[in-house]
Amino acid sequence: MGLQKNVGLLKAKNEQVTENLKKLILEEKKTRELVIGCLELLKLMPGYDEALKQLTKVSEEQNTPLKKV
C-alpha cells in the first residue's frame, strides 16, 4: 500500500512539473514575440541605420563582433 502511495505522489509531482514547464515555454514564446516586435519597431525609427553603423564600429573597435538577429 505504501509503494502505491509513493508512486501516486511521484506521478502527481511529475504532472505538476510538466504543467510548469508548459507555462514557462509559453512565457518564453510570448517574450520572444515581444522582443521581435520591438526590434522590428526600432528598425522603422529614423536614424536606425546610422545608429547600427556606429554600434558596429564601436563593437569592432572593442573586438566584440555583433551577432546577427
# chains A, B, ... in the order shown; residues from 1 in each chain; ligands from 1
>>> closest_atom_pairs(of="segment 14-42 of chain A", to="segment 48-59 of chain A", cutoff="12 Å", atoms="only C-alpha atoms", output="JSON lines")
{"residue": "A:Leu39", "atom": "CA", "partner": "A:Tyr48", "partner_atom": "CA", "distance": 10.6}
{"residue": "A:Glu40", "atom": "CA", "partner": "A:Tyr48", "partner_atom": "CA", "distance": 10.8}
{"residue": "A:Leu41", "atom": "CA", "partner": "A:Tyr48", "partner_atom": "CA", "distance": 10.1}
{"residue": "A:Leu42", "atom": "CA", "partner": "A:Tyr48", "partner_atom": "CA", "distance": 6.9}
>>> write_last_selection(atoms="N, CA and C atoms", output="compact mmCIF listing (two decimals), in the first residue's frame")
# COMPACT_ATOMS: atom_id res chain seq x y z
N LEU A 39 12.15 44.92 -31.89
CA LEU A 39 13.25 45.09 -32.85
C LEU A 39 12.74 45.58 -34.20
N GLU A 40 11.62 45.04 -34.63
CA GLU A 40 11.05 45.48 -35.91
C GLU A 40 10.62 46.95 -35.82
N LEU A 41 10.09 47.35 -34.68
CA LEU A 41 9.71 48.75 -34.48
C LEU A 41 10.94 49.66 -34.51
N LEU A 42 12.01 49.24 -33.86
CA LEU A 42 13.25 50.03 -33.85
C LEU A 42 13.78 50.22 -35.27
>>> select_by_dssp(residues="chain A", states="helix (DSSP H, G or I)", output="ChimeraX atom specification")
/A:2-44,48-61
